[in-house]
Amino acid sequence: MRHYLSELDLTKEEFLQLVHRGREFREQWESGELQTLPKPHTMAMIFEKSSTRTRVSFEAGMAQLGGHAINLSPRDTQLGRGEPVEDTARVLSQMVDIIMLRTFSHDIVERMAESASIPVINGLTDLLHPCQLLADMQTFAENAGDIEGKSVAWIGDGNNMCHSYINTANLLGFDLRIACPDGHEPDPQILERGAARATRVESAEAAAEGAHLVVTDVWASMGQEDEQAVRELVFKPFQVTEEVMALADSEALFMHCLPVHRGDEVVAEVLDGPQSVVWDEAGNRLHAQKALIEFLLSESVN
Ligand code: CP
Ligand code: NVA
């Protein structure tokens, strides 16, 4: 049984195979080819946090593969009334083929995976956002080639996306420079485990210097909305501006998982400018998701 809770659940070869397959799915989709799997499958999607891209890409992806996705909100399922995650996992395993879960604490996806007899996908937790990294790496490959040996700047919060970049830097072999305010560093254990490829630097400028990819994310993630005003002050020096982008490689790409706050973590001129590939990046969620679903279903025949 294979799950995708973290980038590190895949080998480097498997991750690259999924990126390659995502690119094939994109080409087939653009040329109007059918992409149905040999047998129809059903996905249960559980969202304990809001979502546009993850929800639509999984639901549209399942439909395009000839299957079906059921959206389960805690508000109208028994999970929201206290039915244990483990019992929910066992019940869903009797009825569907694959589960996607977006939640707060990472241990909830781990508990779901331990009790499920079908694959479980992490659709974002407070700790990691591994589905986004498949789409980001596909977008880099399509626009700039092989990322191995390249340098990537993470500018902003040491959050779930930053953690996923640390994991992926180590898996695929690129160098990650992280610029974040004191008190908003990445998880020390994740940074220590990823220290071979990920280093903290003191400023946005130091991170951006010569980088082939500049990435940022919101200053206040889901669940931190109350901290928005305070964070705006602390994070201001970590804004991605045109001046910061000018320090990066002349061909550098800009990415953001979205949703974005223009004028906070990135200025509109960069987000909507020529180096930004954020719309491709968002669109690639669809193709990367299909590659992931196909892989997990084929690896988990029982
Ligand atoms: N990037 C991303 O995961 O977007 P959603 O929150 O809209 O799913
Ligand atoms: N760090 C953001 C990512 C949203 C896709 C959050 O967790 O809200």
# chains A, B, ... in the order shown; residues from 1 in each chain; ligands from 1

$ select_by_dssp --residues "range 84-251 of chain A" --states "alpha helix (DSSP H)" --output "number ranges by chain"
A: 85-95, 106-115, 130-144, 160-172, 188-193, 204-208, 228-235, 242-247

$ residues_near_ligand --ligand "ligand 2" --cutoff "8 Å" --atoms "only C-alpha atoms and all ligand atoms" --output "mmCIF file with all heavy atoms, in the first residue's frame"
data_model
loop_
_atom_site.group_PDB
_atom_site.id
_atom_site.type_symbol
_atom_site.label_atom_id
_atom_site.label_comp_id
_atom_site.auth_asym_id
_atom_site.auth_seq_id
_atom_site.Cartn_x
_atom_site.Cartn_y
_atom_site.Cartn_z
ATOM 1 N N SER A 51 -10.360 25.418 -0.089
ATOM 2 C CA SER A 51 -9.528 25.065 -1.237
ATOM 3 C C SER A 51 -10.240 25.426 -2.529
ATOM 4 O O SER A 51 -11.447 25.221 -2.653
ATOM 5 C CB SER A 51 -9.230 23.568 -1.244
ATOM 6 O OG SER A 51 -8.611 23.217 -2.464
ATOM 7 N N LEU A 124 -2.710 18.852 1.895
ATOM 8 C CA LEU A 124 -2.131 19.980 2.671
ATOM 9 C C LEU A 124 -2.410 19.761 4.157
ATOM 10 O O LEU A 124 -3.544 19.461 4.547
ATOM 11 C CB LEU A 124 -2.693 21.345 2.246
ATOM 12 C CG LEU A 124 -2.186 22.611 2.985
ATOM 13 C CD1 LEU A 124 -2.113 23.813 2.027
ATOM 14 C CD2 LEU A 124 -3.069 22.963 4.175
ATOM 15 N N THR A 125 -1.349 19.896 4.920
ATOM 16 C CA THR A 125 -1.471 19.975 6.383
ATOM 17 C C THR A 125 -0.691 21.204 6.835
ATOM 18 O O THR A 125 -0.041 21.864 6.023
ATOM 19 C CB THR A 125 -0.869 18.737 7.076
ATOM 20 O OG1 THR A 125 0.539 18.686 6.776
ATOM 21 C CG2 THR A 125 -1.534 17.454 6.647
ATOM 22 N N ASP A 126 -0.720 21.476 8.130
ATOM 23 C CA ASP A 126 0.080 22.597 8.655
ATOM 24 C C ASP A 126 1.569 22.352 8.404
ATOM 25 O O ASP A 126 2.358 23.293 8.388
ATOM 26 C CB ASP A 126 -0.142 22.753 10.172
ATOM 27 C CG ASP A 126 -1.538 23.262 10.483
ATOM 28 O OD1 ASP A 126 -2.220 23.754 9.571
ATOM 29 O OD2 ASP A 126 -1.949 23.157 11.664
ATOM 30 N N HIS A 129 2.844 20.402 2.064
ATOM 31 C CA HIS A 129 1.895 20.488 0.941
ATOM 32 C C HIS A 129 2.511 19.749 -0.254
ATOM 33 O O HIS A 129 2.885 20.352 -1.272
ATOM 34 C CB HIS A 129 1.626 21.959 0.617
ATOM 35 C CG HIS A 129 0.452 22.185 -0.295
ATOM 36 N ND1 HIS A 129 -0.386 21.160 -0.705
ATOM 37 C CD2 HIS A 129 -0.031 23.318 -0.881
ATOM 38 C CE1 HIS A 129 -1.322 21.659 -1.492
ATOM 39 N NE2 HIS A 129 -1.129 22.951 -1.617
ATOM 40 N N GLN A 132 1.458 20.168 -4.108
ATOM 41 C CA GLN A 132 1.895 21.400 -4.775
ATOM 42 C C GLN A 132 3.287 21.244 -5.367
ATOM 43 O O GLN A 132 3.599 21.780 -6.428
ATOM 44 C CB GLN A 132 1.877 22.554 -3.767
ATOM 45 C CG GLN A 132 2.201 23.894 -4.376
ATOM 46 C CD GLN A 132 1.115 24.396 -5.328
ATOM 47 O OE1 GLN A 132 -0.056 24.372 -4.986
ATOM 48 N NE2 GLN A 132 1.505 24.835 -6.519
ATOM 49 N N ASN A 159 6.864 27.950 6.399
ATOM 50 C CA ASN A 159 5.594 27.242 6.603
ATOM 51 C C ASN A 159 5.557 25.885 5.894
ATOM 52 O O ASN A 159 6.606 25.345 5.494
ATOM 53 C CB ASN A 159 4.442 28.145 6.132
ATOM 54 C CG ASN A 159 4.522 28.454 4.635
ATOM 55 O OD1 ASN A 159 5.315 27.861 3.907
ATOM 56 N ND2 ASN A 159 3.705 29.378 4.179
ATOM 57 N N ASN A 160 4.336 25.349 5.721
ATOM 58 C CA ASN A 160 4.164 24.039 5.070
ATOM 59 C C ASN A 160 4.811 23.990 3.680
ATOM 60 O O ASN A 160 5.474 23.004 3.334
ATOM 61 C CB ASN A 160 2.676 23.659 5.003
ATOM 62 C CG ASN A 160 1.745 24.786 4.567
ATOM 63 O OD1 ASN A 160 2.189 25.854 4.130
ATOM 64 N ND2 ASN A 160 0.445 24.542 4.696
ATOM 65 N N MET A 161 4.646 25.048 2.902
ATOM 66 C CA MET A 161 5.257 25.071 1.562
ATOM 67 C C MET A 161 6.787 25.101 1.654
ATOM 68 O O MET A 161 7.477 24.435 0.883
ATOM 69 C CB MET A 161 4.752 26.289 0.772
ATOM 70 C CG MET A 161 3.410 26.079 0.092
ATOM 71 S SD MET A 161 3.471 24.773 -1.169
ATOM 72 C CE MET A 161 4.671 25.448 -2.302
ATOM 73 N N ASP A 217 5.061 32.579 -0.541
ATOM 74 C CA ASP A 217 3.725 32.115 -0.166
ATOM 75 C C ASP A 217 3.145 33.180 0.756
ATOM 76 O O ASP A 217 3.862 34.096 1.196
ATOM 77 C CB ASP A 217 3.841 30.735 0.534
ATOM 78 C CG ASP A 217 2.499 30.081 0.804
ATOM 79 O OD1 ASP A 217 1.480 30.521 0.240
ATOM 80 O OD2 ASP A 217 2.468 29.105 1.594
ATOM 81 N N VAL A 218 1.887 33.013 1.089
ATOM 82 C CA VAL A 218 1.227 33.984 1.979
ATOM 83 C C VAL A 218 1.988 34.134 3.295
ATOM 84 O O VAL A 218 2.653 33.210 3.746
ATOM 85 C CB VAL A 218 -0.230 33.559 2.284
ATOM 86 C CG1 VAL A 218 -1.115 33.757 1.082
ATOM 87 C CG2 VAL A 218 -0.303 32.127 2.797
ATOM 88 N N TRP A 219 1.847 35.299 3.921
ATOM 89 C CA TRP A 219 2.499 35.533 5.210
ATOM 90 C C TRP A 219 1.706 34.905 6.360
ATOM 91 O O TRP A 219 2.269 34.578 7.397
ATOM 92 C CB TRP A 219 2.673 37.043 5.427
ATOM 93 C CG TRP A 219 3.721 37.633 4.523
ATOM 94 C CD1 TRP A 219 4.715 36.956 3.867
ATOM 95 C CD2 TRP A 219 3.892 39.004 4.189
ATOM 96 N NE1 TRP A 219 5.484 37.824 3.145
ATOM 97 C CE2 TRP A 219 5.007 39.097 3.325
ATOM 98 C CE3 TRP A 219 3.211 40.189 4.535
ATOM 99 C CZ2 TRP A 219 5.461 40.306 2.809
ATOM 100 C CZ3 TRP A 219 3.667 41.396 4.019
ATOM 101 C CH2 TRP A 219 4.776 41.454 3.167
ATOM 102 N N ALA A 220 0.395 34.782 6.182
ATOM 103 C CA ALA A 220 -0.430 34.113 7.210
ATOM 104 C C ALA A 220 -1.188 32.981 6.529
ATOM 105 O O ALA A 220 -2.016 33.221 5.641
ATOM 106 C CB ALA A 220 -1.399 35.093 7.852
ATOM 107 N N SER A 221 -0.861 31.757 6.910
ATOM 108 C CA SER A 221 -1.504 30.584 6.307
ATOM 109 C C SER A 221 -2.885 30.363 6.909
ATOM 110 O O SER A 221 -3.265 31.014 7.889
ATOM 111 C CB SER A 221 -0.631 29.346 6.553
ATOM 112 O OG SER A 221 0.476 29.350 5.689
ATOM 113 N N MET A 222 -3.610 29.399 6.325
ATOM 114 C CA MET A 222 -4.942 29.073 6.845
ATOM 115 C C MET A 222 -4.827 28.645 8.305
ATOM 116 O O MET A 222 -3.973 27.826 8.645
ATOM 117 C CB MET A 222 -5.561 27.947 6.003
ATOM 118 C CG MET A 222 -5.965 28.430 4.619
ATOM 119 S SD MET A 222 -6.746 27.135 3.648
ATOM 120 C CE MET A 222 -5.329 26.333 2.921
ATOM 121 N N GLY A 223 -5.647 29.235 9.132
ATOM 122 C CA GLY A 223 -5.573 28.981 10.573
ATOM 123 C C GLY A 223 -4.818 30.081 11.304
ATOM 124 O O GLY A 223 -4.819 30.126 12.533
ATOM 125 N N CYS A 257 2.207 29.268 -4.790
ATOM 126 C CA CYS A 257 1.197 28.201 -4.881
ATOM 127 C C CYS A 257 -0.213 28.761 -5.034
ATOM 128 O O CYS A 257 -1.109 28.057 -5.483
ATOM 129 C CB CYS A 257 1.286 27.275 -3.680
ATOM 130 S SG CYS A 257 0.926 28.085 -2.108
ATOM 131 N N LEU A 258 -0.416 30.054 -4.656
ATOM 132 C CA LEU A 258 -1.724 30.716 -4.677
ATOM 133 C C LEU A 258 -2.650 30.076 -3.625
ATOM 134 O O LEU A 258 -2.481 28.897 -3.345
ATOM 135 C CB LEU A 258 -2.381 30.667 -6.060
ATOM 136 C CG LEU A 258 -1.528 31.160 -7.243
ATOM 137 C CD1 LEU A 258 -2.326 31.004 -8.541
ATOM 138 C CD2 LEU A 258 -1.111 32.622 -7.066
ATOM 139 N N PRO A 259 -3.592 30.808 -3.066
ATOM 140 C CA PRO A 259 -3.936 32.191 -3.377
ATOM 141 C C PRO A 259 -2.881 33.178 -2.894
ATOM 142 O O PRO A 259 -2.149 32.890 -1.951
ATOM 143 C CB PRO A 259 -5.268 32.396 -2.632
ATOM 144 C CG PRO A 259 -5.244 31.411 -1.504
ATOM 145 C CD PRO A 259 -4.456 30.239 -2.005
#

$ select_by_dssp --residues "range 198-243 of chain A" --states "strand (DSSP E)" --output "VMD selection string"
chain A and resid 198 to 201 213 to 216

$ closest_residue --among "A:Phe15, A:Phe47, A:Tyr165, A:Trp29" --to "ligand 1" --atoms "only C-alpha atoms and all ligand atoms"
A:Phe47

$ residues_around --residues "Asp107 in chain A" --least-positions-apart "5" --cutoff "12 Å" --atoms "only C-alpha atoms" --output "ChimeraX atom specification"
/A:5-6,85-86,101-102,112-114,122,124-128

$ closest_residue --among "A:Asp175, A:Glu281, A:Glu83, A:Asp226" --to "ligand 1" --atoms "only C-alpha atoms and all ligand atoms"
A:Glu281

$ decode --residues "range 45-58 of chain A" --atoms "all heavy atoms" --output "JSON list (two decimals), in the first residue's frame"
[["chain", "number", "residue", "atom", "x", "y", "z"],
["A", 45, "MET", "N", -12.83, 12.94, -0.96],
["A", 45, "MET", "CA", -12.02, 14.13, -0.66],
["A", 45, "MET", "C", -12.56, 14.76, 0.62],
["A", 45, "MET", "O", -13.76, 15.09, 0.70],
["A", 45, "MET", "CB", -12.14, 15.17, -1.77],
["A", 45, "MET", "CG", -11.81, 14.67, -3.15],
["A", 45, "MET", "SD", -11.71, 16.05, -4.34],
["A", 45, "MET", "CE", -13.39, 16.66, -4.31],
["A", 46, "ILE", "N", -11.69, 14.94, 1.60],
["A", 46, "ILE", "CA", -12.12, 15.54, 2.87],
["A", 46, "ILE", "C", -11.37, 16.86, 3.03],
["A", 46, "ILE", "O", -10.14, 16.88, 3.06],
["A", 46, "ILE", "CB", -11.80, 14.62, 4.06],
["A", 46, "ILE", "CG1", -12.44, 13.24, 3.86],
["A", 46, "ILE", "CG2", -12.27, 15.26, 5.38],
["A", 46, "ILE", "CD1", -11.97, 12.20, 4.85],
["A", 47, "PHE", "N", -12.12, 17.94, 3.13],
["A", 47, "PHE", "CA", -11.50, 19.27, 3.28],
["A", 47, "PHE", "C", -11.88, 19.85, 4.62],
["A", 47, "PHE", "O", -13.03, 20.23, 4.83],
["A", 47, "PHE", "CB", -11.94, 20.20, 2.15],
["A", 47, "PHE", "CG", -11.27, 19.92, 0.84],
["A", 47, "PHE", "CD1", -11.92, 19.19, -0.14],
["A", 47, "PHE", "CD2", -9.98, 20.37, 0.60],
["A", 47, "PHE", "CE1", -11.30, 18.92, -1.35],
["A", 47, "PHE", "CE2", -9.35, 20.11, -0.61],
["A", 47, "PHE", "CZ", -10.01, 19.37, -1.58],
["A", 48, "GLU", "N", -10.90, 19.93, 5.53],
["A", 48, "GLU", "CA", -11.13, 20.63, 6.80],
["A", 48, "GLU", "C", -10.67, 22.09, 6.72],
["A", 48, "GLU", "O", -10.78, 22.83, 7.69],
["A", 48, "GLU", "CB", -10.42, 19.89, 7.94],
["A", 48, "GLU", "CG", -11.01, 18.50, 8.13],
["A", 48, "GLU", "CD", -10.59, 17.83, 9.42],
["A", 48, "GLU", "OE1", -9.39, 17.83, 9.74],
["A", 48, "GLU", "OE2", -11.49, 17.29, 10.10],
["A", 49, "LYS", "N", -10.10, 22.47, 5.54],
["A", 49, "LYS", "CA", -9.73, 23.85, 5.27],
["A", 49, "LYS", "C", -10.23, 24.18, 3.87],
["A", 49, "LYS", "O", -10.47, 23.27, 3.07],
["A", 49, "LYS", "CB", -8.19, 24.00, 5.26],
["A", 49, "LYS", "CG", -7.51, 23.88, 6.59],
["A", 49, "LYS", "CD", -5.99, 23.97, 6.39],
["A", 49, "LYS", "CE", -5.25, 23.98, 7.71],
["A", 49, "LYS", "NZ", -3.79, 23.92, 7.52],
["A", 50, "SER", "N", -10.30, 25.47, 3.56],
["A", 50, "SER", "CA", -10.78, 25.90, 2.24],
["A", 50, "SER", "C", -9.85, 25.43, 1.12],
["A", 50, "SER", "O", -8.67, 25.14, 1.37],
["A", 50, "SER", "CB", -10.81, 27.43, 2.18],
["A", 50, "SER", "OG", -11.58, 27.92, 3.22],
["A", 51, "SER", "N", -10.36, 25.42, -0.09],
["A", 51, "SER", "CA", -9.53, 25.06, -1.24],
["A", 51, "SER", "C", -10.24, 25.43, -2.53],
["A", 51, "SER", "O", -11.45, 25.22, -2.65],
["A", 51, "SER", "CB", -9.23, 23.57, -1.24],
["A", 51, "SER", "OG", -8.61, 23.22, -2.46],
["A", 52, "THR", "N", -9.50, 25.93, -3.47],
["A", 52, "THR", "CA", -10.00, 26.07, -4.85],
["A", 52, "THR", "C", -9.23, 25.10, -5.75],
["A", 52, "THR", "O", -9.81, 24.19, -6.34],
["A", 52, "THR", "CB", -9.82, 27.52, -5.36],
["A", 52, "THR", "OG1", -10.59, 28.38, -4.52],
["A", 52, "THR", "CG2", -10.30, 27.66, -6.79],
["A", 53, "ARG", "N", -7.90, 25.29, -5.84],
["A", 53, "ARG", "CA", -7.08, 24.50, -6.76],
["A", 53, "ARG", "C", -7.10, 23.00, -6.44],
["A", 53, "ARG", "O", -7.26, 22.16, -7.33],
["A", 53, "ARG", "CB", -5.62, 24.99, -6.74],
["A", 53, "ARG", "CG", -5.37, 26.22, -7.56],
["A", 53, "ARG", "CD", -4.38, 27.11, -6.87],
["A", 53, "ARG", "NE", -5.04, 27.73, -5.73],
["A", 53, "ARG", "CZ", -5.65, 28.92, -5.78],
["A", 53, "ARG", "NH1", -5.60, 29.62, -6.86],
["A", 53, "ARG", "NH2", -6.30, 29.39, -4.73],
["A", 54, "THR", "N", -6.92, 22.65, -5.17],
["A", 54, "THR", "CA", -6.80, 21.24, -4.81],
["A", 54, "THR", "C", -8.14, 20.54, -5.05],
["A", 54, "THR", "O", -8.20, 19.46, -5.65],
["A", 54, "THR", "CB", -6.34, 21.13, -3.36],
["A", 54, "THR", "OG1", -5.14, 21.89, -3.23],
["A", 54, "THR", "CG2", -6.08, 19.69, -2.95],
["A", 55, "ARG", "N", -9.21, 21.20, -4.63],
["A", 55, "ARG", "CA", -10.55, 20.62, -4.80],
["A", 55, "ARG", "C", -10.86, 20.41, -6.28],
["A", 55, "ARG", "O", -11.27, 19.33, -6.71],
["A", 55, "ARG", "CB", -11.57, 21.57, -4.15],
["A", 55, "ARG", "CG", -12.98, 21.44, -4.64],
["A", 55, "ARG", "CD", -13.82, 20.57, -3.73],
["A", 55, "ARG", "NE", -15.01, 20.12, -4.42],
["A", 55, "ARG", "CZ", -16.23, 20.59, -4.20],
["A", 55, "ARG", "NH1", -16.43, 21.52, -3.30],
["A", 55, "ARG", "NH2", -17.26, 20.09, -4.87],
["A", 56, "VAL", "N", -10.66, 21.46, -7.08],
["A", 56, "VAL", "CA", -11.07, 21.37, -8.49],
["A", 56, "VAL", "C", -10.15, 20.43, -9.27],
["A", 56, "VAL", "O", -10.60, 19.64, -10.10],
["A", 56, "VAL", "CB", -11.10, 22.78, -9.14],
["A", 56, "VAL", "CG1", -11.41, 22.68, -10.62],
["A", 56, "VAL", "CG2", -12.14, 23.65, -8.43],
["A", 57, "SER", "N", -8.84, 20.45, -8.95],
["A", 57, "SER", "CA", -7.93, 19.60, -9.72],
["A", 57, "SER", "C", -8.19, 18.12, -9.43],
["A", 57, "SER", "O", -8.15, 17.30, -10.33],
["A", 57, "SER", "CB", -6.47, 19.97, -9.48],
["A", 57, "SER", "OG", -6.15, 19.94, -8.11],
["A", 58, "PHE", "N", -8.46, 17.78, -8.17],
["A", 58, "PHE", "CA", -8.75, 16.37, -7.88],
["A", 58, "PHE", "C", -10.10, 15.95, -8.46],
["A", 58, "PHE", "O", -10.22, 14.85, -9.01],
["A", 58, "PHE", "CB", -8.72, 16.09, -6.37],
["A", 58, "PHE", "CG", -7.33, 15.76, -5.87],
["A", 58, "PHE", "CD1", -6.68, 16.59, -4.97],
["A", 58, "PHE", "CD2", -6.67, 14.62, -6.30],
["A", 58, "PHE", "CE1", -5.40, 16.29, -4.52],
["A", 58, "PHE", "CE2", -5.39, 14.32, -5.85],
["A", 58, "PHE", "CZ", -4.75, 15.16, -4.96]]
